[in-house]
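To start, the structure under review is shown below, and the notes come after it.
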Amino acid sequence: MANIRDRQLDGLRTVAVSMVLYAHFFAADRSIWGHLGVRLFFVLSGFLITRLLLQARADARYQPVTAFKAFYIRRVLRIFPPYFAMLAFVYFLDLEGARGNVKWHALYLSNYWYALRGEWTPWVLCHTWSLSIEEQFYIAWPLVILLAPRRLTERICIAVIACSLAYRLCWPLTWTPSLMRDLLPSASMDALAGGALLAAYRERTQGWPQWMRQSWMPLAAAAAVALWLRPDPITPTLDWVIWIGSEVFPLVPLVMLVGCGASGFRSLFGRLLESPPIAATGRISYGIYLFHPIVLSLIVKAQTWIPVNVSEQGLGRLIVGSVATLMLASISWLVFEKPLNNLKRYFPYAARGHQPAVPSIAIASEPGEHGHGSKAYNTALSHRNEGIRGGAVQTSDLQ
């Protein structure tokens, strides 16, 4: 059973996918809430994947080849089956005329397809750009975390964030805003590496740097202004300023949101995140994200048989689309994804056969646990080693 931190991280997945559904089913044009939800997904992925890899590396039985094999097999088992089932469905129905470019999406090059074309055609697969970026991230990042000297991990994360921010800040020099500024991997590495930096930093301490504690509220306020500021007409300069404000300013607040969720919010918000309906929705959020444009295409085609308006953005589309997507994602999880997910126990990150030594990394604990001394530490250590020995399903395996 997932612990309190895992349930709250699942709850944050629900928050992220809800932003996406709101943007695609309800909001008017130019809403970036969906993109902000994707950014939250990126921070979560960077954090959870890096935490798993660092835990594997800290195990006394760690072997790079075994860890690499386990990582990629477990990613394939979790991500590929529903993804390629979705692509097969789109291909055979030629949904929204997408058959001709499915090969780009099958190769996880969707972000390059849309960036090179400069338009969201076919729209039914437009959400796959973010899945492509994550797969591109998965190709290189395990090599960094498992092979680079551990003392350099945080510096590498900071360097990646700096390069990504530099990529964003250089766009005014081109004066040609385009999809490329959002869809190339360098545009999203700041969020993925921000989550990774959080995982590496949390091995040393549960506290936050002073500059983050003092800056997150002003940054969140500035981001809120940028999110709501949509003048018409808009100049290229103002467009860039709003883009930076809505993309870069939320990064620190999002990282802190994930970090606090990983430690466990001791508040009403935390209890809401870990509530069974919210946590359960987060566990199937991958399917929700994957299938929701397919559902949208189908319900629009079925408008004649639906008593509310689903052909346009609005409450009717939000309710019908969300309910249908939740039902499809739940069926996919129970019948298809969960049985395959359970196979990952056969591919542990550390080879079985020897009792692991006490790891050198710090065990993440909830606020207030430190006062219980060795009992809390031993309990956490026992759960951690049990998860590594048995290849237990963790939150990061459910993305």
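In the structure tokens, each chain is lettered A, B, ... as it comes, each chain's residues begin at 1, and ligands are numbered from 1 in order of appearance.
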
From range 225-325 of chain A, collect each residue whose DSSP state is helix (DSSP H, G or I) and return the set as a compact mmCIF listing (two decimals) with N, CA and C atoms, in the first residue's frame.
# COMPACT_ATOMS: atom_id res chain seq x y z
N VAL A 225 -0.12 36.65 -12.58
CA VAL A 225 -0.37 37.83 -13.41
C VAL A 225 -0.16 37.49 -14.88
N ALA A 226 0.94 36.78 -15.16
CA ALA A 226 1.23 36.41 -16.55
C ALA A 226 0.17 35.47 -17.11
N LEU A 227 -0.35 34.58 -16.26
CA LEU A 227 -1.36 33.63 -16.72
C LEU A 227 -2.66 34.33 -17.13
N TRP A 228 -3.00 35.39 -16.42
CA TRP A 228 -4.26 36.07 -16.68
C TRP A 228 -4.13 37.25 -17.63
N PRO A 236 5.02 41.43 -30.16
CA PRO A 236 5.97 40.33 -29.97
C PRO A 236 6.72 40.42 -28.64
N THR A 237 7.10 41.64 -28.26
CA THR A 237 7.83 41.80 -27.00
C THR A 237 6.96 41.42 -25.81
N LEU A 238 5.73 41.90 -25.78
CA LEU A 238 4.83 41.58 -24.68
C LEU A 238 4.48 40.10 -24.68
N ASP A 239 4.36 39.52 -25.86
CA ASP A 239 4.10 38.08 -25.95
C ASP A 239 5.23 37.29 -25.31
N TRP A 240 6.48 37.70 -25.56
CA TRP A 240 7.63 37.02 -24.98
C TRP A 240 7.65 37.19 -23.46
N VAL A 241 7.36 38.40 -22.98
CA VAL A 241 7.35 38.65 -21.54
C VAL A 241 6.31 37.78 -20.84
N ILE A 242 5.11 37.70 -21.43
CA ILE A 242 4.05 36.87 -20.84
C ILE A 242 4.44 35.40 -20.88
N TRP A 243 5.06 34.99 -21.97
CA TRP A 243 5.50 33.59 -22.10
C TRP A 243 6.53 33.24 -21.03
N ILE A 244 7.51 34.11 -20.85
CA ILE A 244 8.53 33.86 -19.81
C ILE A 244 7.86 33.84 -18.43
N GLY A 245 6.96 34.78 -18.20
CA GLY A 245 6.30 34.84 -16.89
C GLY A 245 5.47 33.61 -16.59
N SER A 246 4.84 33.05 -17.61
CA SER A 246 3.99 31.88 -17.38
C SER A 246 4.74 30.57 -17.45
N GLU A 247 5.95 30.57 -18.02
CA GLU A 247 6.74 29.35 -18.15
C GLU A 247 7.83 29.23 -17.09
N LEU A 251 8.33 27.75 -12.09
CA LEU A 251 9.21 26.59 -11.89
C LEU A 251 9.53 26.35 -10.42
N VAL A 252 9.96 27.38 -9.70
CA VAL A 252 10.29 27.21 -8.28
C VAL A 252 9.06 26.82 -7.47
N PRO A 253 7.91 27.50 -7.64
CA PRO A 253 6.72 27.04 -6.90
C PRO A 253 6.34 25.59 -7.20
N LEU A 254 6.46 25.15 -8.46
CA LEU A 254 6.11 23.78 -8.80
C LEU A 254 7.07 22.78 -8.15
N VAL A 255 8.36 23.10 -8.14
CA VAL A 255 9.35 22.23 -7.49
C VAL A 255 9.05 22.13 -6.00
N MET A 256 8.72 23.26 -5.37
CA MET A 256 8.42 23.24 -3.94
C MET A 256 7.11 22.49 -3.67
N LEU A 257 6.16 22.60 -4.58
CA LEU A 257 4.90 21.85 -4.43
C LEU A 257 5.17 20.35 -4.43
N VAL A 258 6.00 19.89 -5.35
CA VAL A 258 6.33 18.46 -5.41
C VAL A 258 7.15 18.06 -4.18
N GLY A 259 8.09 18.90 -3.78
CA GLY A 259 8.89 18.58 -2.61
C GLY A 259 8.06 18.47 -1.34
N CYS A 260 7.11 19.38 -1.17
CA CYS A 260 6.24 19.32 0.00
C CYS A 260 5.31 18.11 -0.07
N GLY A 261 4.85 17.76 -1.27
CA GLY A 261 4.03 16.57 -1.42
C GLY A 261 4.81 15.31 -1.12
N ALA A 262 6.10 15.30 -1.49
CA ALA A 262 6.94 14.14 -1.20
C ALA A 262 7.17 13.97 0.29
N SER A 263 7.25 15.10 1.01
CA SER A 263 7.43 15.03 2.47
C SER A 263 6.11 14.79 3.18
N LEU A 268 -5.10 20.57 5.40
CA LEU A 268 -6.31 20.15 4.68
C LEU A 268 -5.98 19.82 3.24
N PHE A 269 -5.08 20.59 2.63
CA PHE A 269 -4.68 20.31 1.26
C PHE A 269 -4.05 18.93 1.14
N GLY A 270 -3.21 18.55 2.11
CA GLY A 270 -2.60 17.23 2.09
C GLY A 270 -3.63 16.13 2.23
N ARG A 271 -4.59 16.33 3.12
CA ARG A 271 -5.65 15.31 3.28
C ARG A 271 -6.49 15.18 2.02
N LEU A 272 -6.68 16.31 1.33
CA LEU A 272 -7.42 16.26 0.07
C LEU A 272 -6.63 15.49 -0.99
N LEU A 273 -5.33 15.75 -1.09
CA LEU A 273 -4.50 15.07 -2.07
C LEU A 273 -4.47 13.56 -1.86
N PRO A 276 -8.93 8.97 -1.11
CA PRO A 276 -8.99 7.85 -2.08
C PRO A 276 -9.39 8.25 -3.50
N PRO A 277 -10.43 9.09 -3.70
CA PRO A 277 -10.79 9.42 -5.09
C PRO A 277 -9.69 10.19 -5.82
N ILE A 278 -9.06 11.15 -5.10
CA ILE A 278 -8.03 11.97 -5.74
C ILE A 278 -6.79 11.13 -6.03
N ALA A 279 -6.35 10.33 -5.06
CA ALA A 279 -5.17 9.49 -5.27
C ALA A 279 -5.41 8.45 -6.36
N ALA A 280 -6.61 7.86 -6.38
CA ALA A 280 -6.93 6.86 -7.40
C ALA A 280 -6.92 7.47 -8.79
N THR A 281 -7.43 8.69 -8.91
CA THR A 281 -7.40 9.38 -10.21
C THR A 281 -5.97 9.62 -10.65
N GLY A 282 -5.11 9.98 -9.69
CA GLY A 282 -3.70 10.19 -10.03
C GLY A 282 -3.03 8.93 -10.52
N ARG A 283 -3.43 7.78 -9.97
CA ARG A 283 -2.80 6.52 -10.40
C ARG A 283 -3.13 6.17 -11.84
N SER A 285 -3.67 8.59 -14.13
CA SER A 285 -3.54 9.86 -14.85
C SER A 285 -2.84 9.68 -16.20
N TYR A 286 -1.96 8.70 -16.32
CA TYR A 286 -1.30 8.46 -17.60
C TYR A 286 -2.35 8.10 -18.65
N GLY A 287 -3.26 7.19 -18.30
CA GLY A 287 -4.32 6.83 -19.23
C GLY A 287 -5.25 8.00 -19.53
N ILE A 288 -5.56 8.80 -18.51
CA ILE A 288 -6.41 9.97 -18.73
C ILE A 288 -5.76 10.91 -19.73
N TYR A 289 -4.49 11.19 -19.52
CA TYR A 289 -3.78 12.08 -20.44
C TYR A 289 -3.70 11.48 -21.83
N LEU A 290 -3.45 10.18 -21.91
CA LEU A 290 -3.25 9.51 -23.17
C LEU A 290 -4.52 9.46 -24.02
N PHE A 291 -5.65 9.20 -23.37
CA PHE A 291 -6.88 8.93 -24.11
C PHE A 291 -7.80 10.14 -24.29
N HIS A 292 -7.57 11.23 -23.56
CA HIS A 292 -8.59 12.29 -23.58
C HIS A 292 -8.79 12.94 -24.96
N PRO A 293 -7.76 13.13 -25.81
CA PRO A 293 -8.07 13.68 -27.14
C PRO A 293 -8.84 12.69 -28.01
N ILE A 294 -8.59 11.38 -27.82
CA ILE A 294 -9.33 10.37 -28.57
C ILE A 294 -10.81 10.45 -28.19
N VAL A 295 -11.07 10.54 -26.89
CA VAL A 295 -12.44 10.67 -26.41
C VAL A 295 -13.09 11.93 -26.97
N LEU A 296 -12.34 13.03 -26.99
CA LEU A 296 -12.88 14.29 -27.51
C LEU A 296 -13.29 14.14 -28.97
N SER A 297 -12.44 13.52 -29.77
CA SER A 297 -12.76 13.32 -31.18
C SER A 297 -14.02 12.48 -31.34
N LEU A 298 -14.15 11.42 -30.54
CA LEU A 298 -15.29 10.52 -30.68
C LEU A 298 -16.59 11.15 -30.21
N ILE A 299 -16.55 11.90 -29.11
CA ILE A 299 -17.82 12.49 -28.63
C ILE A 299 -18.29 13.61 -29.55
N VAL A 300 -17.36 14.32 -30.17
CA VAL A 300 -17.77 15.34 -31.14
C VAL A 300 -18.47 14.68 -32.33
N LYS A 301 -17.92 13.55 -32.79
CA LYS A 301 -18.54 12.83 -33.89
C LYS A 301 -19.92 12.28 -33.49
N GLN A 303 -22.08 13.79 -31.50
CA GLN A 303 -22.88 14.89 -30.95
C GLN A 303 -24.38 14.68 -31.13
N THR A 304 -24.79 14.06 -32.23
CA THR A 304 -26.22 13.85 -32.50
C THR A 304 -26.89 13.06 -31.39
N TRP A 305 -26.16 12.15 -30.76
CA TRP A 305 -26.74 11.27 -29.73
C TRP A 305 -26.46 11.77 -28.31
N LEU A 315 -19.03 23.70 -20.49
CA LEU A 315 -19.34 22.80 -19.38
C LEU A 315 -19.80 21.43 -19.89
N GLY A 316 -20.60 21.40 -20.95
CA GLY A 316 -21.06 20.12 -21.47
C GLY A 316 -19.92 19.24 -21.92
N ARG A 317 -18.98 19.83 -22.67
CA ARG A 317 -17.81 19.07 -23.12
C ARG A 317 -16.96 18.62 -21.94
N LEU A 318 -16.80 19.50 -20.96
CA LEU A 318 -15.97 19.16 -19.79
C LEU A 318 -16.56 17.97 -19.04
N ILE A 319 -17.87 17.96 -18.80
CA ILE A 319 -18.49 16.89 -18.03
C ILE A 319 -18.49 15.59 -18.81
N VAL A 320 -18.99 15.61 -20.05
CA VAL A 320 -19.08 14.39 -20.84
C VAL A 320 -17.69 13.84 -21.16
N GLY A 321 -16.80 14.73 -21.59
CA GLY A 321 -15.45 14.30 -21.95
C GLY A 321 -14.68 13.74 -20.77
N SER A 322 -14.80 14.41 -19.62
CA SER A 322 -14.06 13.96 -18.44
C SER A 322 -14.58 12.61 -17.93
N VAL A 323 -15.91 12.46 -17.87
CA VAL A 323 -16.49 11.21 -17.39
C VAL A 323 -16.11 10.06 -18.32
N ALA A 324 -16.24 10.28 -19.63
CA ALA A 324 -15.90 9.24 -20.59
C ALA A 324 -14.41 8.88 -20.51
N THR A 325 -13.57 9.89 -20.36
CA THR A 325 -12.12 9.63 -20.27
C THR A 325 -11.79 8.87 -19.00

Please identify every residue of range 128-180 of chain A that has at least one atom no farther than 6 Å from an atom of range 186-208 of chain A, counting only C-alpha atoms, and for each give the shortest atom pair and the distance in Å to one decimal, arranged by chain then increasing number, as JSON lines.
{"residue": "A:Glu154", "atom": "CA", "partner": "A:Leu197", "partner_atom": "CA", "distance": 5.7}
{"residue": "A:Cys157", "atom": "CA", "partner": "A:Ala193", "partner_atom": "CA", "distance": 5.3}
{"residue": "A:Ile161", "atom": "CA", "partner": "A:Asp190", "partner_atom": "CA", "distance": 4.3}
{"residue": "A:Ser164", "atom": "CA", "partner": "A:Ser186", "partner_atom": "CA", "distance": 5.2}

Which residues come within 6 Å of range 334-351 of chain A, counting only C-alpha atoms, excluding same-chain residues fewer than 3 positions away, as a PyMOL selection string?
-> chain A and resi 56+61-62+67+70+74+78+331+391

Next, the residues of the selection above should be written as a PDB file, in the first residue's frame with C-alpha atoms.
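This is the output file again-v4.pdb:
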ATOM      1  CA  ALA A  56      19.250   1.895  -6.864  1.00  0.00           C
ATOM      2  CA  ARG A  61      24.212  -4.724  -4.603  1.00  0.00           C
ATOM      3  CA  TYR A  62      24.188  -1.987  -7.233  1.00  0.00           C
ATOM      4  CA  ALA A  67      20.009  -1.027 -13.022  1.00  0.00           C
ATOM      5  CA  ALA A  70      15.598  -2.796 -14.951  1.00  0.00           C
ATOM      6  CA  ARG A  74      10.104  -1.223 -16.410  1.00  0.00           C
ATOM      7  CA  ARG A  78       4.545   0.908 -18.077  1.00  0.00           C
ATOM      8  CA  ILE A 331     -10.912   0.115 -17.692  1.00  0.00           C
ATOM      9  CA  GLY A 391      10.872  -4.369  -7.041  1.00  0.00           C
TER      10      GLY A 391
END

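Counting only C-alpha atoms, the residue from A:Ala98, A:Tyr138, A:Trp33, A:Trp104 that sits nearest to Ile73 in chain A is A:Tyr138.
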
Within 9 Å of range 6-20 of chain A, which residues of range 35-67 of chain A come that close, and what is the closest atom pair and distance in Å for each? Count only C-alpha atoms and give it as a tab-separated table.
residue	atom	partner	partner_atom	distance
A:His35	CA	A:Val20	CA	7.2
A:Leu36	CA	A:Met19	CA	7.4
A:Gly37	CA	A:Ala16	CA	4.2
A:Val38	CA	A:Ala16	CA	6.6
A:Arg39	CA	A:Ala16	CA	8.3
A:Leu40	CA	A:Ala16	CA	6.0
A:Phe41	CA	A:Ala16	CA	6.3
A:Leu44	CA	A:Leu9	CA	7.9
